[in-house]
>>> print(open('coords-v4.cif').read())   # mmCIF, C-alpha atoms
data_model
loop_
_atom_site.group_PDB
_atom_site.id
_atom_site.type_symbol
_atom_site.label_atom_id
_atom_site.label_comp_id
_atom_site.auth_asym_id
_atom_site.auth_seq_id
_atom_site.Cartn_x
_atom_site.Cartn_y
_atom_site.Cartn_z
ATOM 1 C CA MET A 1 216.099 93.491 -119.236
ATOM 2 C CA PHE A 2 212.534 92.249 -119.560
ATOM 3 C CA LYS A 3 211.202 95.675 -120.558
ATOM 4 C CA HIS A 4 212.691 95.251 -124.041
ATOM 5 C CA ALA A 5 210.926 91.968 -124.734
ATOM 6 C CA PRO A 6 208.266 92.153 -127.463
ATOM 7 C CA VAL A 7 204.688 92.410 -126.225
ATOM 8 C CA ASN A 8 201.989 90.179 -127.746
ATOM 9 C CA HIS A 9 204.310 88.595 -130.278
ATOM 10 C CA PRO A 10 202.329 86.938 -133.098
ATOM 11 C CA LEU A 11 204.072 83.609 -132.463
ATOM 12 C CA ARG A 12 203.358 83.692 -128.708
ATOM 13 C CA PRO A 13 201.151 80.546 -128.851
ATOM 14 C CA LEU A 14 203.961 78.649 -130.566
ATOM 15 C CA TYR A 15 206.443 79.715 -127.895
ATOM 16 C CA ARG A 16 203.996 78.738 -125.126
ATOM 17 C CA THR A 17 203.706 75.311 -126.765
ATOM 18 C CA ILE A 18 207.497 74.982 -126.965
ATOM 19 C CA ALA A 19 207.784 75.886 -123.274
ATOM 20 C CA ALA A 20 204.996 73.465 -122.304
ATOM 21 C CA VAL A 21 206.521 70.584 -124.273
ATOM 22 C CA SER A 22 209.922 71.308 -122.703
ATOM 23 C CA ALA A 23 208.333 71.272 -119.247
ATOM 24 C CA LEU A 24 206.499 68.013 -119.979
ATOM 25 C CA VAL A 25 209.715 66.399 -121.216
ATOM 26 C CA THR A 26 211.451 67.536 -118.033
ATOM 27 C CA VAL A 27 208.684 66.056 -115.878
ATOM 28 C CA ALA A 28 208.710 62.803 -117.883
ATOM 29 C CA ILE A 29 212.479 62.395 -117.584
ATOM 30 C CA GLY A 30 212.245 63.133 -113.870
ATOM 31 C CA VAL A 31 209.469 60.600 -113.252
ATOM 32 C CA ILE A 32 211.136 57.907 -115.364
ATOM 33 C CA GLY A 33 214.432 58.680 -113.639
ATOM 34 C CA PHE A 34 212.925 58.410 -110.183
ATOM 35 C CA PHE A 35 211.363 55.029 -110.822
ATOM 36 C CA GLY A 36 214.468 53.811 -112.615
ATOM 37 C CA THR A 37 216.830 54.779 -109.781
ATOM 38 C CA SER A 38 214.570 54.579 -106.724
ATOM 39 C CA SER A 39 216.750 51.894 -105.118
ATOM 40 C CA ASP A 40 219.857 54.134 -105.296
ATOM 41 C CA ASP A 41 220.931 56.657 -102.688
ATOM 42 C CA TYR A 42 219.641 60.200 -103.092
ATOM 43 C CA PHE A 43 222.315 62.522 -104.486
ATOM 44 C CA ALA A 44 224.915 59.772 -104.863
ATOM 45 C CA ALA A 45 227.109 59.493 -107.932
ATOM 46 C CA GLY A 46 226.938 56.031 -109.390
ATOM 47 C CA ASP A 47 225.920 53.995 -112.385
ATOM 48 C CA GLY A 48 222.258 55.053 -112.406
ATOM 49 C CA LYS A 49 221.104 55.661 -115.969
ATOM 50 C CA VAL A 50 217.797 56.626 -117.491
ATOM 51 C CA LEU A 51 216.812 56.093 -121.108
ATOM 52 C CA GLY A 52 220.158 54.449 -121.706
ATOM 53 C CA LEU A 53 222.319 57.548 -121.485
ATOM 54 C CA LEU A 54 221.255 60.141 -118.904
ATOM 55 C CA GLY A 55 223.015 59.911 -115.551
ATOM 56 C CA MET A 56 220.459 60.061 -112.786
ATOM 57 C CA ASN A 57 219.863 59.522 -109.094
ATOM 58 C CA PRO A 58 216.573 59.885 -107.192
ATOM 59 C CA GLY A 59 217.405 63.385 -105.958
ATOM 60 C CA HIS A 60 218.228 64.606 -109.459
ATOM 61 C CA ALA A 61 215.054 63.000 -110.772
ATOM 62 C CA LEU A 62 212.891 64.716 -108.154
ATOM 63 C CA LEU A 63 214.522 68.075 -108.893
ATOM 64 C CA MET A 64 213.773 67.639 -112.595
ATOM 65 C CA ALA A 65 210.171 66.581 -112.055
ATOM 66 C CA GLY A 66 209.564 69.353 -109.530
ATOM 67 C CA SER A 67 211.032 72.068 -111.712
ATOM 68 C CA GLY A 68 208.967 70.871 -114.668
ATOM 69 C CA VAL A 69 205.789 71.003 -112.573
ATOM 70 C CA VAL A 70 206.610 74.549 -111.382
ATOM 71 C CA LEU A 71 207.181 75.601 -114.975
ATOM 72 C CA LEU A 72 203.877 74.058 -116.078
ATOM 73 C CA LEU A 73 202.078 75.879 -113.254
ATOM 74 C CA ALA A 74 203.659 79.177 -114.323
ATOM 75 C CA LEU A 75 202.501 78.543 -117.884
ATOM 76 C CA LEU A 76 198.978 77.860 -116.632
ATOM 77 C CA VAL A 77 198.941 81.073 -114.577
ATOM 78 C CA GLY A 78 200.113 83.196 -117.506
ATOM 79 C CA ARG A 79 199.909 86.952 -116.756
ATOM 80 C CA ASN A 80 203.593 87.391 -117.590
ATOM 81 C CA VAL A 81 204.507 85.018 -114.758
ATOM 82 C CA ASP A 82 205.165 82.528 -117.539
ATOM 83 C CA HIS A 83 207.373 85.056 -119.326
ATOM 84 C CA VAL A 84 209.650 85.594 -116.328
ATOM 85 C CA VAL A 85 209.665 82.046 -114.956
ATOM 86 C CA THR A 86 210.302 80.445 -118.335
ATOM 87 C CA PHE A 87 213.235 82.726 -119.095
ATOM 88 C CA LEU A 88 214.733 82.311 -115.598
ATOM 89 C CA PHE A 89 214.333 78.514 -115.658
ATOM 90 C CA GLY A 90 216.042 78.447 -119.048
ATOM 91 C CA ALA A 91 218.920 80.545 -117.750
ATOM 92 C CA GLY A 92 219.070 78.377 -114.636
ATOM 93 C CA LEU A 93 219.330 75.233 -116.732
ATOM 94 C CA MET A 94 222.213 76.761 -118.649
ATOM 95 C CA VAL A 95 223.981 77.483 -115.345
ATOM 96 C CA VAL A 96 223.249 73.989 -114.012
ATOM 97 C CA GLY A 97 224.492 72.451 -117.257
ATOM 98 C CA THR A 98 227.717 74.428 -117.042
ATOM 99 C CA ALA A 99 228.161 73.526 -113.370
ATOM 100 C CA GLY A 100 227.552 69.875 -114.238
ATOM 101 C CA LEU A 101 230.198 70.140 -116.941
ATOM 102 C CA LEU A 102 232.669 71.549 -114.427
ATOM 103 C CA ILE A 103 232.097 68.938 -111.707
ATOM 104 C CA MET A 104 231.324 65.932 -113.906
ATOM 105 C CA ARG A 105 234.479 63.951 -113.126
ATOM 106 C CA THR A 106 234.871 65.003 -109.492
ATOM 107 C CA ASP A 107 233.514 63.833 -106.165
ATOM 108 C CA ALA A 108 231.225 66.892 -106.133
ATOM 109 C CA ASN A 109 229.014 65.342 -108.838
ATOM 110 C CA PHE A 110 226.014 64.894 -106.529
ATOM 111 C CA LEU A 111 223.533 65.023 -109.443
ATOM 112 C CA ASN A 112 225.290 62.140 -111.240
ATOM 113 C CA TYR A 113 225.824 64.279 -114.346
ATOM 114 C CA ARG A 114 227.187 62.919 -117.593
ATOM 115 C CA MET A 115 227.872 64.712 -120.861
ATOM 116 C CA SER A 116 224.436 63.691 -122.143
ATOM 117 C CA ASN A 117 222.859 65.479 -119.149
ATOM 118 C CA VAL A 118 224.763 68.641 -120.013
ATOM 119 C CA ILE A 119 223.555 68.493 -123.616
ATOM 120 C CA VAL A 120 219.942 67.958 -122.520
ATOM 121 C CA ALA A 121 220.201 70.843 -120.023
ATOM 122 C CA TYR A 122 221.610 73.144 -122.716
ATOM 123 C CA VAL A 123 218.962 72.200 -125.288
ATOM 124 C CA ILE A 124 216.005 72.544 -122.906
ATOM 125 C CA GLY A 125 217.522 75.686 -121.374
ATOM 126 C CA SER A 126 217.951 77.278 -124.798
ATOM 127 C CA LEU A 127 214.375 76.445 -125.763
ATOM 128 C CA LEU A 128 213.031 77.876 -122.501
ATOM 129 C CA MET A 129 215.095 81.057 -122.735
ATOM 130 C CA ALA A 130 213.967 81.666 -126.303
ATOM 131 C CA ALA A 131 210.349 80.988 -125.402
ATOM 132 C CA GLY A 132 210.595 83.216 -122.344
ATOM 133 C CA LEU A 133 211.681 86.148 -124.474
ATOM 134 C CA TYR A 134 208.473 86.053 -126.528
ATOM 135 C CA LEU A 135 205.806 85.186 -123.930
ATOM 136 C CA LYS A 136 205.227 88.715 -122.678
ATOM 137 C CA SER A 137 201.631 89.858 -123.006
ATOM 138 C CA GLY A 138 199.837 93.079 -122.300
ATOM 139 C CA ARG A 139 198.757 96.284 -123.929
ATOM 140 C CA ALA A 140 201.128 97.359 -126.666
ATOM 141 C CA THR A 141 202.251 100.953 -126.330
ATOM 142 C CA ALA A 142 202.596 103.250 -129.278
ATOM 143 C CA ALA A 143 206.198 103.960 -130.165
ATOM 144 C CA ALA A 144 207.122 107.629 -130.252
ATOM 145 C CA HIS A 145 209.265 108.679 -133.159
#
>>> encode(input="coords-v4.cif", output="structure tokens")
Amino acid sequence: MFKHAPVNHPLRPLYRTIAAVSALVTVAIGVIGFFGTSSDDYFAAGDGKVLGLLGMNPGHALLMAGSGVVLLLALLVGRNVDHVVTFLFGAGLMVVGTAGLLIMRTDANFLNYRMSNVIVAYVIGSLLMAAGLYLKSGRATAAAH
């Protein structure tokens, strides 16, 4: 699947910036969420909110901050590690958002998901997947006709 991604796309710096901003937003939400819900139980559904609308608990906040840091590290490494990790994190966020949508109103909601969390996961996941498609670098090969 990744062999069909464009190599050295002219807008690669823009896509790296989009991925970096998405990762920084994820880290910021995670850090704010951890300090805002630090008195709650880890992985317990409850009334914990961050920024007025995102459902959060300390475990969810740490997962967000940690995944954002891993993504930032992959972007710093480059060498097509960023290409693969960014795309896979984006796809993973889409899966997590869908899973959160499925378990939102059940007892299995250990991440304290709300609809706003699903929307944020879908938006950041879409941005990361799109960026991941265009981050591939290397020597361009001549196309044979």
>>> residues_near_point(input="coords-v4.cif", point="(221.9, 73.4, -116.7)", cutoff="7 Å", atoms="only C-alpha atoms", output="JSON list (two decimals) with C-alpha atoms, in the coordinates of the input")
[["chain", "number", "residue", "atom", "x", "y", "z"],
["A", 92, "GLY", "CA", 219.07, 78.38, -114.64],
["A", 93, "LEU", "CA", 219.33, 75.23, -116.73],
["A", 94, "MET", "CA", 222.21, 76.76, -118.65],
["A", 95, "VAL", "CA", 223.98, 77.48, -115.34],
["A", 96, "VAL", "CA", 223.25, 73.99, -114.01],
["A", 97, "GLY", "CA", 224.49, 72.45, -117.26],
["A", 98, "THR", "CA", 227.72, 74.43, -117.04],
["A", 118, "VAL", "CA", 224.76, 68.64, -120.01],
["A", 121, "ALA", "CA", 220.20, 70.84, -120.02],
["A", 122, "TYR", "CA", 221.61, 73.14, -122.72],
["A", 125, "GLY", "CA", 217.52, 75.69, -121.37]]
>>> closest_residue(input="coords-v4.cif", among="A:Asp82, A:Phe34, A:Met129, A:Ser116", to="A:Leu63", atoms="all atoms listed in the file")
A:Phe34
>>> residues_near_point(input="coords-v4.cif", point="(216.8, 59.1, -106.3)", cutoff="12 Å", atoms="only C-alpha atoms", output="PDB file with C-alpha atoms, in the coordinates of the input")
ATOM      1  CA  GLY A  30     212.245  63.133-113.870  1.00  0.00           C
ATOM      2  CA  VAL A  31     209.469  60.600-113.252  1.00  0.00           C
ATOM      3  CA  ILE A  32     211.136  57.907-115.364  1.00  0.00           C
ATOM      4  CA  GLY A  33     214.432  58.680-113.639  1.00  0.00           C
ATOM      5  CA  PHE A  34     212.925  58.410-110.183  1.00  0.00           C
ATOM      6  CA  PHE A  35     211.363  55.029-110.822  1.00  0.00           C
ATOM      7  CA  GLY A  36     214.468  53.811-112.615  1.00  0.00           C
ATOM      8  CA  THR A  37     216.830  54.779-109.781  1.00  0.00           C
ATOM      9  CA  SER A  38     214.570  54.579-106.724  1.00  0.00           C
ATOM     10  CA  SER A  39     216.750  51.894-105.118  1.00  0.00           C
ATOM     11  CA  ASP A  40     219.857  54.134-105.296  1.00  0.00           C
ATOM     12  CA  ASP A  41     220.931  56.657-102.688  1.00  0.00           C
ATOM     13  CA  TYR A  42     219.641  60.200-103.092  1.00  0.00           C
ATOM     14  CA  PHE A  43     222.315  62.522-104.486  1.00  0.00           C
ATOM     15  CA  ALA A  44     224.915  59.772-104.863  1.00  0.00           C
ATOM     16  CA  ALA A  45     227.109  59.493-107.932  1.00  0.00           C
ATOM     17  CA  GLY A  46     226.938  56.031-109.390  1.00  0.00           C
ATOM     18  CA  GLY A  48     222.258  55.053-112.406  1.00  0.00           C
ATOM     19  CA  LYS A  49     221.104  55.661-115.969  1.00  0.00           C
ATOM     20  CA  VAL A  50     217.797  56.626-117.491  1.00  0.00           C
ATOM     21  CA  GLY A  55     223.015  59.911-115.551  1.00  0.00           C
ATOM     22  CA  MET A  56     220.459  60.061-112.786  1.00  0.00           C
ATOM     23  CA  ASN A  57     219.863  59.522-109.094  1.00  0.00           C
ATOM     24  CA  PRO A  58     216.573  59.885-107.192  1.00  0.00           C
ATOM     25  CA  GLY A  59     217.405  63.385-105.958  1.00  0.00           C
ATOM     26  CA  HIS A  60     218.228  64.606-109.459  1.00  0.00           C
ATOM     27  CA  ALA A  61     215.054  63.000-110.772  1.00  0.00           C
ATOM     28  CA  LEU A  62     212.891  64.716-108.154  1.00  0.00           C
ATOM     29  CA  LEU A  63     214.522  68.075-108.893  1.00  0.00           C
ATOM     30  CA  MET A  64     213.773  67.639-112.595  1.00  0.00           C
ATOM     31  CA  ALA A  65     210.171  66.581-112.055  1.00  0.00           C
ATOM     32  CA  PHE A 110     226.014  64.894-106.529  1.00  0.00           C
ATOM     33  CA  LEU A 111     223.533  65.023-109.443  1.00  0.00           C
ATOM     34  CA  ASN A 112     225.290  62.140-111.240  1.00  0.00           C
TER      35      ASN A 112
END
>>> closest_residue(input="coords-v4.cif", among="A:Ser67, A:Thr106, A:Asn80, A:Ser22", to="A:Leu127", atoms="only C-alpha atoms")
A:Ser22
>>> atom_distance(input="coords-v4.cif", atom1="atom CA of A:Gly132", atom2="atom CA of A:Ile29")
21.4 Å
>>> atom_distance(input="coords-v4.cif", atom1="atom CA of A:Val25", atom2="atom CA of A:Gly66")
12.1 Å
>>> resolve_selection(input="coords-v4.cif", expression="the PyMOL selection byres ((chain A and resi 9) around 9)", output="PyMOL selection string")
chain A and resi 6-8+10-13+134-137
>>> atom_distance(input="coords-v4.cif", atom1="atom CA of A:Tyr113", atom2="atom CA of A:Val85")
24.0 Å
>>> closest_residue(input="coords-v4.cif", among="A:Val21, A:Leu53, A:Ile124, A:Met115", to="A:Ala91", atoms="only C-alpha atoms")
A:Ile124
>>> closest_residue(input="coords-v4.cif", among="A:Arg139, A:Asp47, A:Asn109, A:Ala20", to="A:Val70", atoms="all atoms listed in the file")
A:Ala20
>>> build_atoms(input="coords-v4.cif", residues="stretch 37-57 of chain A", atoms="N, CA and C atoms", output="tab-separated table (two decimals), in the coordinates of the input")
chain	number	residue	atom	x	y	z
A	37	THR	N	215.71	54.74	-110.74
A	37	THR	CA	216.83	54.78	-109.78
A	37	THR	C	216.36	54.82	-108.34
A	38	SER	N	215.13	54.44	-108.07
A	38	SER	CA	214.57	54.58	-106.72
A	38	SER	C	215.30	53.74	-105.68
A	39	SER	N	216.01	52.71	-106.08
A	39	SER	CA	216.75	51.89	-105.12
A	39	SER	C	218.12	52.49	-104.80
A	40	ASP	N	218.57	53.51	-105.54
A	40	ASP	CA	219.86	54.13	-105.30
A	40	ASP	C	219.75	55.16	-104.17
A	41	ASP	N	220.90	55.60	-103.69
A	41	ASP	CA	220.93	56.66	-102.69
A	41	ASP	C	220.62	57.99	-103.34
A	42	TYR	N	219.90	58.85	-102.60
A	42	TYR	CA	219.64	60.20	-103.09
A	42	TYR	C	220.96	60.95	-103.19
A	43	PHE	N	221.14	61.67	-104.25
A	43	PHE	CA	222.32	62.52	-104.49
A	43	PHE	C	223.64	61.78	-104.37
A	44	ALA	N	223.68	60.55	-104.86
A	44	ALA	CA	224.92	59.77	-104.86
A	44	ALA	C	225.33	59.53	-106.30
A	45	ALA	N	226.59	59.79	-106.60
A	45	ALA	CA	227.11	59.49	-107.93
A	45	ALA	C	227.24	57.98	-108.06
A	46	GLY	N	226.87	57.47	-109.19
A	46	GLY	CA	226.94	56.03	-109.39
A	46	GLY	C	226.69	55.68	-110.83
A	47	ASP	N	226.16	54.49	-111.04
A	47	ASP	CA	225.92	54.00	-112.38
A	47	ASP	C	224.48	54.16	-112.83
A	48	GLY	N	223.67	54.89	-112.06
A	48	GLY	CA	222.26	55.05	-112.41
A	48	GLY	C	222.08	55.76	-113.74
A	49	LYS	N	221.37	55.10	-114.65
A	49	LYS	CA	221.10	55.66	-115.97
A	49	LYS	C	219.62	55.62	-116.24
A	50	VAL	N	219.18	56.58	-117.05
A	50	VAL	CA	217.80	56.63	-117.49
A	50	VAL	C	217.80	56.77	-119.00
A	51	LEU	N	216.92	56.07	-119.65
A	51	LEU	CA	216.81	56.09	-121.11
A	51	LEU	C	218.12	55.73	-121.80
A	52	GLY	N	218.93	54.96	-121.12
A	52	GLY	CA	220.16	54.45	-121.71
A	52	GLY	C	221.36	55.36	-121.67
A	53	LEU	N	221.16	56.66	-121.43
A	53	LEU	CA	222.32	57.55	-121.48
A	53	LEU	C	222.35	58.67	-120.46
A	54	LEU	N	221.25	59.05	-119.88
A	54	LEU	CA	221.26	60.14	-118.90
A	54	LEU	C	221.64	59.64	-117.52
A	55	GLY	N	222.66	60.24	-116.92
A	55	GLY	CA	223.02	59.91	-115.55
A	55	GLY	C	221.95	60.45	-114.62
A	56	MET	N	221.57	59.66	-113.63
A	56	MET	CA	220.46	60.06	-112.79
A	56	MET	C	220.60	59.42	-111.42
A	57	ASN	N	220.09	60.09	-110.41
A	57	ASN	CA	219.86	59.52	-109.09
A	57	ASN	C	218.51	60.03	-108.63
